[in-house]
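Visitor: This is input03.cif (mmCIF, C-alpha atoms).
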```
data_structure
loop_
_atom_site.label_atom_id
_atom_site.label_comp_id
_atom_site.auth_asym_id
_atom_site.auth_seq_id
_atom_site.Cartn_x
_atom_site.Cartn_y
_atom_site.Cartn_z
CA MET M 1 17.59 -52.34 -22.71
CA SER M 2 18.74 -49.35 -24.75
CA THR M 3 15.09 -48.84 -25.78
CA SER M 4 13.92 -48.84 -22.20
CA ALA M 5 16.67 -46.33 -21.28
CA GLU M 6 15.53 -44.05 -24.11
CA ASP M 7 11.91 -44.42 -23.03
CA HIS M 8 12.94 -43.46 -19.57
CA ARG M 9 14.78 -40.34 -20.77
CA THR M 10 11.83 -39.32 -22.94
CA ARG M 11 9.42 -39.78 -20.09
CA SER M 12 11.63 -37.72 -17.78
CA ARG M 13 11.91 -34.93 -20.29
CA ARG M 14 8.19 -34.95 -20.81
CA ARG M 15 7.65 -34.78 -17.08
CA GLY M 16 10.08 -31.82 -17.00
CA ALA M 17 8.12 -29.91 -19.64
CA GLN M 18 4.84 -30.78 -17.96
CA LEU M 19 6.09 -29.61 -14.59
CA GLU M 20 7.31 -26.38 -16.17
CA GLU M 21 3.89 -25.82 -17.73
CA ALA M 22 2.20 -26.47 -14.39
CA ILE M 23 4.49 -23.94 -12.68
CA LEU M 24 3.84 -21.24 -15.31
CA ALA M 25 0.09 -21.82 -15.04
CA ALA M 26 0.31 -21.65 -11.24
CA ALA M 27 2.29 -18.39 -11.50
CA LEU M 28 -0.42 -16.78 -13.63
CA ALA M 29 -3.20 -18.03 -11.35
CA GLU M 30 -1.39 -16.68 -8.26
CA LEU M 31 -0.82 -13.38 -10.05
CA GLN M 32 -4.53 -12.95 -10.72
CA GLU M 33 -5.37 -13.84 -7.15
CA SER M 34 -2.77 -11.77 -5.29
CA GLY M 35 -1.41 -9.21 -7.75
CA TYR M 36 2.23 -8.86 -8.73
CA ALA M 37 3.55 -7.17 -5.59
CA ALA M 38 2.33 -9.95 -3.28
CA LEU M 39 3.34 -12.80 -5.59
CA SER M 40 5.60 -15.31 -3.81
CA MET M 41 7.67 -18.20 -5.17
CA GLU M 42 6.43 -20.27 -2.25
CA ALA M 43 2.76 -19.80 -3.10
CA ILE M 44 3.46 -20.59 -6.77
CA ALA M 45 5.31 -23.79 -5.82
CA ARG M 46 2.50 -24.84 -3.48
CA ARG M 47 -0.15 -24.29 -6.15
CA ALA M 48 1.92 -26.23 -8.73
CA GLY M 49 2.29 -29.11 -6.23
CA THR M 50 6.06 -28.90 -6.13
CA GLY M 51 8.81 -27.41 -3.97
CA LYS M 52 10.47 -23.98 -4.10
CA ALA M 53 13.76 -25.68 -5.01
CA SER M 54 12.38 -26.93 -8.33
CA LEU M 55 11.31 -23.35 -9.16
CA TYR M 56 14.73 -21.94 -8.35
CA ARG M 57 16.40 -24.72 -10.34
CA ARG M 58 14.70 -23.25 -13.45
CA TRP M 59 14.39 -19.53 -12.65
CA ASP M 60 16.73 -17.49 -10.48
CA SER M 61 14.10 -14.89 -9.62
CA ARG M 62 10.39 -14.20 -9.59
CA ALA M 63 10.92 -11.80 -12.50
CA ALA M 64 12.60 -14.51 -14.62
CA LEU M 65 9.69 -16.88 -13.95
CA MET M 66 7.11 -14.22 -14.79
CA VAL M 67 8.82 -13.33 -18.09
CA ASP M 68 8.44 -16.98 -19.12
CA ALA M 69 4.83 -17.03 -17.90
CA VAL M 70 4.08 -13.97 -20.06
CA HIS M 71 5.88 -15.54 -23.00
CA ALA M 72 3.78 -18.71 -22.66
CA LEU M 73 0.66 -16.57 -23.28
CA ALA M 74 2.06 -14.62 -26.24
CA PRO M 75 0.64 -15.46 -29.65
CA ARG M 76 2.98 -17.52 -31.85
CA PRO M 77 3.72 -16.82 -35.53
CA ALA M 78 1.84 -20.03 -36.38
CA ASP M 79 -1.31 -18.59 -34.70
CA ILE M 80 -1.56 -15.80 -37.28
CA PRO M 81 -3.26 -17.06 -40.44
CA ASP M 82 -2.02 -15.70 -43.78
CA THR M 83 -5.07 -13.76 -44.95
CA GLY M 84 -3.35 -12.57 -48.13
CA SER M 85 -3.82 -8.92 -47.13
CA LEU M 86 -1.42 -6.86 -45.04
CA ARG M 87 -4.27 -4.86 -43.50
CA THR M 88 -6.18 -7.90 -42.19
CA ASP M 89 -2.91 -9.54 -41.06
CA LEU M 90 -1.89 -6.41 -39.11
CA LEU M 91 -5.33 -6.14 -37.52
CA GLU M 92 -5.03 -9.76 -36.43
CA VAL M 93 -1.55 -9.28 -34.90
CA LEU M 94 -2.68 -6.24 -32.94
CA ARG M 95 -5.92 -7.92 -31.82
CA ARG M 96 -3.98 -10.88 -30.41
CA THR M 97 -1.45 -8.59 -28.76
CA ALA M 98 -4.21 -6.43 -27.25
CA GLU M 99 -6.02 -9.52 -25.93
CA VAL M 100 -2.82 -10.65 -24.22
CA LEU M 101 -2.15 -7.19 -22.74
CA ALA M 102 -5.70 -6.96 -21.39
CA GLY M 103 -5.36 -10.27 -19.50
CA PRO M 104 -2.98 -11.70 -16.87
CA ALA M 105 0.04 -11.08 -19.13
CA GLY M 106 -0.73 -7.35 -19.03
CA GLU M 107 -0.95 -7.51 -15.24
CA ALA M 108 2.39 -9.36 -15.16
CA LEU M 109 4.03 -6.87 -17.55
CA ARG M 110 2.85 -3.94 -15.44
CA GLY M 111 4.34 -5.63 -12.36
CA LEU M 112 7.61 -6.54 -14.07
CA LEU M 113 8.03 -3.03 -15.45
CA ALA M 114 7.15 -1.36 -12.15
CA GLU M 115 9.76 -3.50 -10.42
CA ALA M 116 12.47 -2.93 -13.05
CA LEU M 117 11.98 0.73 -14.00
CA PRO M 118 13.73 2.30 -10.98
CA ASP M 119 16.80 0.09 -11.40
CA ALA M 120 18.88 0.14 -14.60
CA ARG M 121 20.41 -3.27 -13.86
CA ARG M 122 17.02 -4.95 -13.43
CA LEU M 123 15.70 -3.20 -16.50
CA ALA M 124 18.61 -4.54 -18.56
CA GLU M 125 17.97 -8.05 -17.18
CA LEU M 126 14.29 -7.78 -18.07
CA ARG M 127 15.20 -6.68 -21.61
CA GLY M 128 17.70 -9.50 -21.95
CA ARG M 129 15.04 -12.03 -20.99
CA SER M 130 12.23 -10.75 -23.17
CA ARG M 131 11.86 -12.51 -26.50
CA GLY M 132 10.15 -9.87 -28.61
CA SER M 133 7.20 -12.10 -29.54
CA THR M 134 5.18 -9.28 -31.13
CA ARG M 135 8.20 -8.16 -33.11
CA GLN M 136 8.38 -11.68 -34.60
CA LEU M 137 4.69 -11.64 -35.55
CA MET M 138 5.10 -8.23 -37.16
CA ARG M 139 8.12 -9.31 -39.13
CA GLN M 140 6.21 -12.35 -40.38
CA VAL M 141 3.21 -10.45 -41.74
CA VAL M 142 5.33 -7.58 -43.14
CA GLU M 143 7.73 -9.94 -44.92
CA ARG M 144 4.79 -11.84 -46.40
CA ALA M 145 3.36 -8.58 -47.74
CA ALA M 146 6.72 -7.64 -49.27
CA ALA M 147 7.06 -11.13 -50.83
CA ARG M 148 3.69 -10.82 -52.61
CA GLY M 149 4.54 -7.27 -53.75
CA GLU M 150 1.97 -5.49 -51.60
CA ILE M 151 4.66 -3.23 -50.12
CA PRO M 152 8.18 -2.45 -51.40
CA ALA M 153 10.93 -4.73 -50.06
CA GLY M 154 12.85 -1.65 -48.82
CA SER M 155 9.96 -0.95 -46.48
CA VAL M 156 10.91 -3.84 -44.18
CA ARG M 157 13.12 -2.09 -41.60
CA PRO M 158 13.93 -3.39 -38.07
CA SER M 159 12.94 -0.04 -36.51
CA ARG M 160 9.43 -0.40 -37.97
CA MET M 161 8.70 -3.82 -36.50
CA ASP M 162 8.11 -2.47 -32.99
CA VAL M 163 5.94 0.57 -33.83
CA GLY M 164 2.54 -1.13 -33.46
CA ALA M 165 3.40 -2.85 -30.19
CA ALA M 166 5.10 0.25 -28.72
CA ILE M 167 1.98 2.34 -29.37
CA LEU M 168 -0.35 -0.37 -28.12
CA ARG M 169 1.72 -0.85 -24.92
CA SER M 170 1.88 2.90 -24.38
CA ARG M 171 -1.90 3.29 -24.77
CA VAL M 172 -2.94 0.16 -22.85
CA LEU M 173 -0.31 -0.16 -20.10
CA VAL M 174 0.58 3.50 -19.54
CA ASP M 175 -2.45 5.49 -20.69
CA ALA M 176 -4.71 2.77 -19.25
CA GLU M 177 -7.00 2.91 -22.30
CA GLU M 178 -9.27 -0.05 -23.06
CA PRO M 179 -7.78 -1.74 -26.16
CA ASP M 180 -10.89 -1.91 -28.34
CA GLU M 181 -11.38 -2.54 -32.07
CA LEU M 182 -11.49 1.22 -32.77
CA MET M 183 -8.02 1.73 -31.29
CA ILE M 184 -6.63 -1.19 -33.27
CA VAL M 185 -8.15 -0.04 -36.58
CA GLU M 186 -6.81 3.47 -35.93
CA ILE M 187 -3.25 2.21 -35.32
CA VAL M 188 -3.35 0.07 -38.48
CA ASP M 189 -5.02 2.58 -40.84
CA GLU M 190 -3.47 5.84 -39.66
CA ILE M 191 0.01 4.70 -38.61
CA LEU M 192 1.17 1.24 -39.68
CA LEU M 193 -0.21 0.88 -43.22
CA PRO M 194 0.81 4.37 -44.45
CA MET M 195 4.27 3.85 -42.95
CA LEU M 196 4.75 0.36 -44.39
CA ARG M 197 3.56 1.33 -47.89
CA ALA M 198 6.22 4.07 -48.04
CA LEU M 199 9.98 3.68 -48.31
CA PRO M 200 12.15 5.22 -45.60
CA GLU M 201 13.56 8.67 -46.32
CA PRO M 202 16.67 8.23 -48.49
CA PRO M 203 19.89 9.08 -46.64
CA ALA M 204 20.96 12.70 -47.24
CA PRO M 205 23.36 12.88 -50.22
CA SER M 206 26.93 13.40 -49.05
CA LEU M 207 28.25 16.41 -50.98
CA MET T 1 -3.81 53.56 -3.19
CA SER T 2 -5.30 51.30 -5.81
CA THR T 3 -1.85 51.29 -7.48
CA SER T 4 -0.13 50.25 -4.27
CA ALA T 5 -2.71 47.51 -3.69
CA GLU T 6 -2.09 46.23 -7.20
CA ASP T 7 1.66 46.37 -6.64
CA HIS T 8 1.18 44.37 -3.50
CA ARG T 9 -0.90 41.75 -5.27
CA THR T 10 1.63 41.54 -8.10
CA ARG T 11 4.49 41.15 -5.65
CA SER T 12 2.62 38.41 -3.78
CA ARG T 13 1.87 36.59 -6.98
CA ARG T 14 5.49 36.89 -8.06
CA ARG T 15 6.61 35.53 -4.71
CA GLY T 16 4.15 32.69 -5.18
CA ALA T 17 5.56 31.83 -8.59
CA GLN T 18 9.12 32.19 -7.33
CA LEU T 19 8.46 29.91 -4.37
CA GLU T 20 6.87 27.36 -6.69
CA GLU T 21 9.93 27.48 -8.94
CA ALA T 22 12.22 27.01 -5.94
CA ILE T 23 10.20 23.99 -4.79
CA LEU T 24 10.27 22.36 -8.25
CA ALA T 25 14.04 22.94 -8.48
CA ALA T 26 14.50 21.48 -4.99
CA ALA T 27 12.41 18.44 -5.96
CA LEU T 28 14.64 17.73 -8.98
CA ALA T 29 17.82 18.24 -6.94
CA GLU T 30 16.56 15.86 -4.22
CA LEU T 31 15.57 13.35 -6.89
CA GLN T 32 19.08 13.27 -8.32
CA GLU T 33 20.58 12.94 -4.87
CA SER T 34 18.30 10.28 -3.38
CA GLY T 35 16.43 8.65 -6.29
CA TYR T 36 12.66 8.53 -6.65
CA ALA T 37 11.89 5.84 -4.07
CA ALA T 38 13.61 7.72 -1.22
CA LEU T 39 12.27 11.15 -2.21
CA SER T 40 10.43 12.83 0.69
CA MET T 41 8.26 15.95 0.78
CA GLU T 42 10.07 16.95 3.97
CA ALA T 43 13.52 16.92 2.35
CA ILE T 44 12.20 18.87 -0.65
CA ALA T 45 10.65 21.50 1.63
CA ARG T 46 13.86 21.80 3.64
CA ARG T 47 15.96 22.27 0.52
CA ALA T 48 13.53 24.89 -0.85
CA GLY T 49 13.69 26.75 2.48
CA THR T 50 10.00 26.39 3.20
CA GLY T 51 7.62 24.18 5.20
CA LYS T 52 5.88 20.96 4.23
CA ALA T 53 2.54 22.77 4.54
CA SER T 54 3.34 25.09 1.65
CA LEU T 55 4.12 22.04 -0.51
CA TYR T 56 0.87 20.32 0.38
CA ARG T 57 -1.05 23.56 -0.25
CA ARG T 58 0.00 23.28 -3.90
CA TRP T 59 0.35 19.51 -4.47
CA ASP T 60 -1.64 16.79 -2.73
CA SER T 61 1.02 14.13 -3.30
CA ARG T 62 4.65 13.59 -4.15
CA ALA T 63 3.53 12.30 -7.56
CA ALA T 64 1.58 15.52 -8.30
CA LEU T 65 4.65 17.61 -7.40
CA MET T 66 6.95 15.47 -9.55
CA VAL T 67 4.64 15.69 -12.58
CA ASP T 68 4.93 19.49 -12.37
CA ALA T 69 8.71 19.25 -11.89
CA VAL T 70 8.96 17.12 -15.05
CA HIS T 71 6.69 19.54 -16.91
CA ALA T 72 8.93 22.47 -15.90
CA LEU T 73 11.81 20.78 -17.77
CA ALA T 74 9.83 19.90 -20.90
CA PRO T 75 10.64 21.92 -24.03
CA ARG T 76 7.99 24.51 -24.93
CA PRO T 77 6.55 25.06 -28.42
CA ALA T 78 8.37 28.46 -28.47
CA ASP T 79 11.71 26.63 -27.98
CA ILE T 80 11.39 24.87 -31.35
CA PRO T 81 12.51 27.19 -34.16
CA ASP T 82 10.64 27.01 -37.46
CA THR T 83 13.36 25.70 -39.77
CA GLY T 84 11.04 25.60 -42.79
CA SER T 85 11.57 21.83 -43.18
CA LEU T 86 9.52 19.11 -41.51
CA ARG T 87 12.55 16.82 -41.31
CA THR T 88 14.76 19.27 -39.40
CA ASP T 89 11.82 20.32 -37.21
CA LEU T 90 11.07 16.69 -36.30
CA LEU T 91 14.74 15.99 -35.55
CA GLU T 92 14.77 19.02 -33.24
CA VAL T 93 11.61 17.96 -31.37
CA LEU T 94 12.98 14.45 -30.79
CA ARG T 95 16.43 15.76 -29.79
CA ARG T 96 14.89 18.01 -27.13
CA THR T 97 12.63 15.21 -25.92
CA ALA T 98 15.55 12.76 -25.77
CA GLU T 99 17.67 15.27 -23.82
CA VAL T 100 14.88 15.66 -21.28
CA LEU T 101 14.36 11.87 -20.97
CA ALA T 102 18.10 11.32 -20.44
CA GLY T 103 18.21 13.79 -17.52
CA PRO T 104 16.41 14.13 -14.17
CA ALA T 105 13.01 14.23 -15.91
CA GLY T 106 13.67 10.72 -17.23
CA GLU T 107 14.56 9.59 -13.72
CA ALA T 108 11.36 11.19 -12.41
CA LEU T 109 9.24 9.60 -15.16
CA ARG T 110 10.69 6.17 -14.42
CA GLY T 111 9.84 6.68 -10.72
CA LEU T 112 6.35 8.00 -11.39
CA LEU T 113 5.57 5.15 -13.77
CA ALA T 114 6.99 2.50 -11.44
CA GLU T 115 4.78 3.83 -8.66
CA ALA T 116 1.64 4.12 -10.78
CA LEU T 117 1.83 0.98 -12.99
CA PRO T 118 0.61 -1.56 -10.40
CA ASP T 119 -2.43 0.57 -9.48
CA ALA T 120 -5.06 1.54 -12.09
CA ARG T 121 -6.30 4.46 -9.96
CA ARG T 122 -2.84 5.98 -9.63
CA LEU T 123 -2.16 5.44 -13.30
CA ALA T 124 -5.36 7.29 -14.21
CA GLU T 125 -4.37 10.14 -11.87
CA LEU T 126 -0.93 10.33 -13.45
CA ARG T 127 -2.49 10.47 -16.93
CA GLY T 128 -4.93 13.15 -15.80
CA ARG T 129 -2.06 15.30 -14.56
CA SER T 130 0.28 14.92 -17.52
CA ARG T 131 0.08 17.71 -20.04
CA GLY T 132 1.29 16.01 -23.21
CA SER T 133 4.09 18.50 -23.88
CA THR T 134 5.69 16.45 -26.65
CA ARG T 135 2.32 15.96 -28.29
CA GLN T 136 1.99 19.78 -28.46
CA LEU T 137 5.44 20.19 -30.02
CA MET T 138 4.62 17.52 -32.58
CA ARG T 139 1.33 19.10 -33.48
CA GLN T 140 3.06 22.44 -33.95
CA VAL T 141 5.70 21.22 -36.42
CA VAL T 142 3.27 18.93 -38.28
CA GLU T 143 0.65 21.68 -38.67
CA ARG T 144 3.34 24.07 -39.94
CA ALA T 145 4.39 21.49 -42.55
CA ALA T 146 0.77 21.02 -43.65
CA ALA T 147 0.27 24.81 -43.85
CA ARG T 148 3.23 25.24 -46.21
CA GLY T 149 2.09 22.26 -48.32
CA GLU T 150 4.95 19.93 -47.40
CA ILE T 151 2.51 17.24 -46.32
CA PRO T 152 -1.20 16.82 -47.10
CA ALA T 153 -3.59 18.42 -44.60
CA GLY T 154 -5.34 15.06 -44.15
CA SER T 155 -2.10 13.68 -42.75
CA VAL T 156 -2.52 15.57 -39.46
CA ARG T 157 -4.27 12.99 -37.27
CA PRO T 158 -4.38 12.98 -33.44
CA SER T 159 -3.23 9.34 -33.31
CA ARG T 160 -0.04 10.28 -35.19
CA MET T 161 1.08 13.02 -32.80
CA ASP T 162 2.27 10.58 -30.13
CA VAL T 163 4.13 8.08 -32.33
CA GLY T 164 7.59 9.66 -32.05
CA ALA T 165 7.41 10.15 -28.28
CA ALA T 166 5.91 6.68 -27.67
CA ILE T 167 8.78 5.04 -29.54
CA LEU T 168 11.40 7.23 -27.89
CA ARG T 169 9.97 6.53 -24.42
CA SER T 170 9.79 2.83 -25.15
CA ARG T 171 13.43 2.69 -26.33
CA VAL T 172 14.90 5.03 -23.70
CA LEU T 173 12.85 4.32 -20.56
CA VAL T 174 11.94 0.67 -21.11
CA ASP T 175 14.63 -0.74 -23.40
CA ALA T 176 17.22 1.42 -21.58
CA GLU T 177 18.89 2.38 -24.88
CA GLU T 178 21.08 5.51 -24.98
CA PRO T 179 19.10 8.09 -27.00
CA ASP T 180 21.76 9.08 -29.55
CA GLU T 181 21.57 10.95 -32.84
CA LEU T 182 21.43 7.67 -34.79
CA MET T 183 18.29 6.58 -32.96
CA ILE T 184 16.64 9.96 -33.55
CA VAL T 185 17.48 10.04 -37.27
CA GLU T 186 16.17 6.48 -37.61
CA ILE T 187 12.84 7.33 -35.96
CA VAL T 188 12.41 10.42 -38.18
CA ASP T 189 13.54 8.91 -41.52
CA GLU T 190 12.12 5.41 -41.24
CA ILE T 191 8.95 6.01 -39.24
CA LEU T 192 7.71 9.59 -38.84
CA LEU T 193 8.42 11.17 -42.24
CA PRO T 194 7.09 8.27 -44.37
CA MET T 195 3.98 8.13 -42.17
CA LEU T 196 3.35 11.91 -42.23
CA ARG T 197 3.84 12.20 -46.00
CA ALA T 198 1.12 9.60 -46.58
CA LEU T 199 -2.60 9.93 -46.01
CA PRO T 200 -4.30 7.49 -43.63
CA GLU T 201 -5.92 4.44 -45.20
CA PRO T 202 -9.36 5.50 -46.48
CA PRO T 203 -12.22 3.95 -44.51
CA ALA T 204 -13.50 0.73 -46.08
CA PRO T 205 -16.40 1.48 -48.46
CA SER T 206 -19.74 0.48 -46.94
CA LEU T 207 -21.48 -1.67 -49.52
#
```
Will you turn the file into structure tokens for me?

Guide:
Amino acid sequence: MSTSAEDHRTRSRRRGAQLEEAILAAALAELQESGYAALSMEAIARRAGTGKASLYRRWDSRAALMVDAVHALAPRPADIPDTGSLRTDLLEVLRRTAEVLAGPAGEALRGLLAEALPDARRLAELRGRSRGSTRQLMRQVVERAAARGEIPAGSVRPSRMDVGAAILRSRVLVDAEEPDELMIVEIVDEILLPMLRALPEPPAPSL
Amino acid sequence: MSTSAEDHRTRSRRRGAQLEEAILAAALAELQESGYAALSMEAIARRAGTGKASLYRRWDSRAALMVDAVHALAPRPADIPDTGSLRTDLLEVLRRTAEVLAGPAGEALRGLLAEALPDARRLAELRGRSRGSTRQLMRQVVERAAARGEIPAGSVRPSRMDVGAAILRSRVLVDAEEPDELMIVEIVDEILLPMLRALPEPPAPSL
């Protein structure tokens, strides 16, 4: 009997995760069909074959749901193979990030930002929800490079982990440039690699 | 007679420039009072003591007017003294940029971006209108440093001129961080200086 109770709990949990996945997929499909501004919780629920209540049980707003939908598309650290070279690893991280930005996640990010930018409270909420996926990928490849001695350990600084993504977001989302291989190679060879191979400026000596 | 005609033309032009200045000032004052979303051409015209027609003669949209209002606040290359050191010059450029972002220009940029982000056509228009003021300041201090031999000439690359501003914009406008001296010193010492002192990665040899 205890086994059957456990089975039941496992099945329920699995159904929960599956329903969540179906809702996130429905949210992205609705987004591509109607655009962010017209996106409604009702249409997402209908497409996922569930009710609005089960959406609001998980997410208190459309923005919260969309942040999770974007996160579901973000590349995971395990997706980035260890090529043994910082340059090829960085190219791979930026290629994956650019692919994501060019697709429905980019559309969702544009919508989320447009909605949050005029309102400091919403912007802070959006920041609080975001999980810094690209920052994690960056940290992984940079720490690997430091571990094998390709760059000095002192080069791994938190402020440096967001440089590639900040430039990519600025050029793709704001400047509306097409994120092609040329742009990615330029960011890696002219900005990221020279920066990561050098130590930060030493603090000014206190006299 | 030719002198008086010239005088007349000069006076008219001066009046034109003065009226333009008054309109840009009125736009920024209205922005601070009502926020970007509620900003109307009519209220700006009223405050500037002119008619809506004279606004639309110069700017075909609220966005076009606000881009010029932001530009009027941006620091000019002549505002950045040549301190003889790339580090102090960079700190100064980022301090001025951060000051501007923290004031009404930051508010205007948030509004302009929020309006343009969901619409590729508007975003392209906004990009076409922006004049890259920070990029010009950067280029000035970096070229000075290369000229006096503080950094190698090959270090001056177009892709590098926007790194400081892209990171500052990302942290101030998107992450809603307060742009303080610590943030500015971190960007200069950990990111910009190490990058600018190093040459870009040489292109891969073609075999």

Visitor: Please report as an NGL selection string which residues of chain M come no farther than 8 Å from chain T, using only C-alpha atoms.

Guide: :M and (36-37 or 107 or 110-111 or 113-118 or 120 or 123-124 or 127 or 157 or 159-160 or 163 or 166-167 or 170 or 173-176 or 186-187 or 189-195 or 198-202)

Visitor: Determine, counting all atoms listed in the file, which protein, DNA and RNA residues have an atom within 12 Å of an atom of T:Arg76; residues of the same chain fewer than 4 positions away are not included. Present the result as a ChimeraX atom specification.

Guide: /T:71-72,80-81,93,96-97,100,131-138,140

Visitor: Rounded to one decimal, what separation in Å do you get between atom CA of M:Arg47 and atom CA of M:Ala26?

Guide: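 Interatomic distance, atom CA of M:Arg47 to atom CA of M:Ala26: 5.8 Å.
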
Visitor: Of the candidates T:Glu178, T:Val70, T:Gly154, T:Ala64, which one gets nearest to T:Ala102 if we count all atoms listed in the file?

Guide: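 Among the listed residues, T:Glu178 lies closest to T:Ala102.
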
Visitor: Which is closest to M:Leu182 among M:Met41, M:Glu21, M:Met66, M:Leu91, if we use all atoms listed in the file?

Guide: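 With all atoms listed in the file as the atom set, the closest residue is M:Leu91.
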
Visitor: Give as a count of residues only every residue, naming chains and numbers as the document does, that has an atom within 10 Å of (-1.0, -17.4, -8.0), counting all atoms listed in the file.

Guide: 25

Visitor: What is the atom CA of T:Ala53-atom CA of T:Ala74 distance in Å, reported with one decimal?

Guide: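 Spanning atom CA of T:Ala53 to atom CA of T:Ala74 is a straight-line distance of 26.6 Å.
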
Visitor: Quick one: residues within 7 Å of M:Leu86, all atoms listed in the file, excluding same-chain residues fewer than 4 positions away - as an MDAnalysis selection string?

Guide: chainID M and resid 90 141 145

Visitor: Work out how far apart atom CA of T:Thr83 and atom CA of T:Gly106 are and give it in Å to one decimal.

Guide: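 Taking atom CA of T:Thr83 and atom CA of T:Gly106, their separation equals 27.1 Å.
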